[in-house]
Amino acid sequence: MIKIDTAYIAKRIKLAIDKISCEVEPACRQALRDACEREENPTAKFALGVMNDNIDLAIAEHRPVCQDTGMTVVFLEIGKEVILVGKLLQDAIDEAIEEAYVTLRKSVLDPVTRINTKTNTPAVVHTSYAEGENIKVEIMLKGFGSENMSKVYLLNPAQGLEEAKRLIVETAAVAGSNPCPPVILGVGLGGTLEKAALMSKHALFRKVGSSNPDMQLDMLEKQLLSEINALGIGAQGFGGKTSALGVFIEKYPTHISSLPVAVNVLCHCARSDEFIIEGRKEGEICKL
């Protein structure tokens with residue numbers, strides 16, 4: 001068994017926030033450059049150029065890439081040989097976020113009173129377990145211009161996959177310019193209402209340009225991406241070839257009487273990172 005102090009996990013998360021608040025995920029950044037090069041619509045090309053300039057300046061000056069500094073979402077896959085010691089995991093992560101957001105806009109508040117927590121906490125933390133002695137950390141700063149455009153549908157199974165596909169494309173169409181396109185769509189198919197939504201969020205950690213290992217889903221992703229780009233929404237809603245950079249799907253078995261479909265929308269500022277805390281190398285000495 002390997003002991004890892006939750007304070008060490010929090011320290012790594014703080015470093016990740018410092019980085020990704022000012023940087024777009026590299027594969028997404030390259031996709032935006034490529035989209036700008038092939039764009040023929042002059043207004044859309046200008047918009048893409050501004051996006052790329054903004055990303056470059058944010059990195060060069062270590063400034064937030066977007067004024068919406070987001071809400072922190074963390075997925076942790078914890079090896080069963082790991083023993084967590086120290087503070088409760090949620091408390092340690094929230095303390096790290098509070099430190100990381102000292103110079104960032106704080107947007108998290110109570111949903112009833114609308115009073116700001118003034119720390120950008122709590123984080124939304126999802127944990128799962130796996131074999132081994134490592135911890136996989138996936139972290140995202142999720143803005144809500146895009147989050148607000150997300151949808152969950154509970155379909156009658158008789159409506160089938162064709163209706164699910166139509167609704168996924170419709171979600172992008174209705175969102176229009178609101179989520180600062182070109183967007184990335186995470187899709188969850190199956191499970192229950194909350195499982196579909198969770199998969200749709202986790203799917204957004206896929207790298208732009210990557211292929212789904214499930215050949216059937218890979219074909220479906222490519223088809224949906226083509227149909228969404230054919231909508232002509234384009235960069236910031238100015239038209240053109242690129243309305244979306246990727247569609248990523250995760251699936252899970254579901255009940256015979258339902259077909260849950262969740263679509264999580266991500267703007268062009270894909271602020272995410274992932275890393276492994278290696279228990280054998282970093283464990284036992286992770287006390288701070």
# chains A, B, ... in the order shown; residues from 1 in each chain; ligands from 1
>>> closest_atom_pairs(of="segment 96-189 of chain A", to="segment 46-58 of chain A", cutoff="10 Å", atoms="only C-alpha atoms", output="Markdown table")
| residue | atom | partner | partner_atom | distance |
| --- | --- | --- | --- | --- |
| A:Cys180 | CA | A:Met51 | CA | 10.0 |
| A:Pro181 | CA | A:Leu48 | CA | 9.7 |
| A:Pro182 | CA | A:Leu48 | CA | 9.0 |
>>> write_last_selection(atoms="N, CA, C and O atoms", output="PDB file, in the first residue's frame")
ATOM      1  N   CYS A 180     -19.325  30.912 -27.547  1.00  0.00           N
ATOM      2  CA  CYS A 180     -18.056  31.311 -28.182  1.00  0.00           C
ATOM      3  C   CYS A 180     -17.488  30.208 -29.066  1.00  0.00           C
ATOM      4  O   CYS A 180     -16.397  29.682 -28.805  1.00  0.00           O
ATOM      5  N   PRO A 181     -18.203  29.836 -30.118  1.00  0.00           N
ATOM      6  CA  PRO A 181     -17.698  28.793 -31.007  1.00  0.00           C
ATOM      7  C   PRO A 181     -16.464  29.259 -31.782  1.00  0.00           C
ATOM      8  O   PRO A 181     -16.224  30.466 -31.874  1.00  0.00           O
ATOM      9  N   PRO A 182     -15.694  28.275 -32.304  1.00  0.00           N
ATOM     10  CA  PRO A 182     -16.032  26.860 -32.443  1.00  0.00           C
ATOM     11  C   PRO A 182     -15.998  26.109 -31.113  1.00  0.00           C
ATOM     12  O   PRO A 182     -15.108  26.320 -30.296  1.00  0.00           O
TER      13      PRO A 182
END
>>> residues_around(residues="Glu77 of chain A", least_positions_apart="5", cutoff="10 Å", atoms="only C-alpha atoms", output="list of chain:residue names")
A:His126, A:Thr127, A:Ser128, A:Tyr129, A:Ala130, A:Glu131, A:Asn134, A:Ile135, A:Lys136, A:Val137, A:Glu138, A:Ile276
>>> closest_residue(among="A:Glu147, A:Glu162, A:Glu250, A:Asp214", to="Asp68 of chain A", atoms="only C-alpha atoms")
A:Glu147
>>> residues_around(residues="Ile93 of chain A", least_positions_apart="5", cutoff="9 Å", atoms="only C-alpha atoms", output="list in words")
Thr6, Ala7, Ile9, Ala10, Lys11, Ile13, Lys14, Leu88, Glu98, Pro122, Ala123 and Val125 of chain A
>>> residues_around(residues="Leu84 of chain A", least_positions_apart="6", cutoff="6 Å", atoms="only C-alpha atoms", output="PyMOL selection string")
chain A and resi 3-5
>>> atom_distance(atom1="atom CA of Met199 of chain A", atom2="atom CA of Pro253 of chain A")
12.1 Å
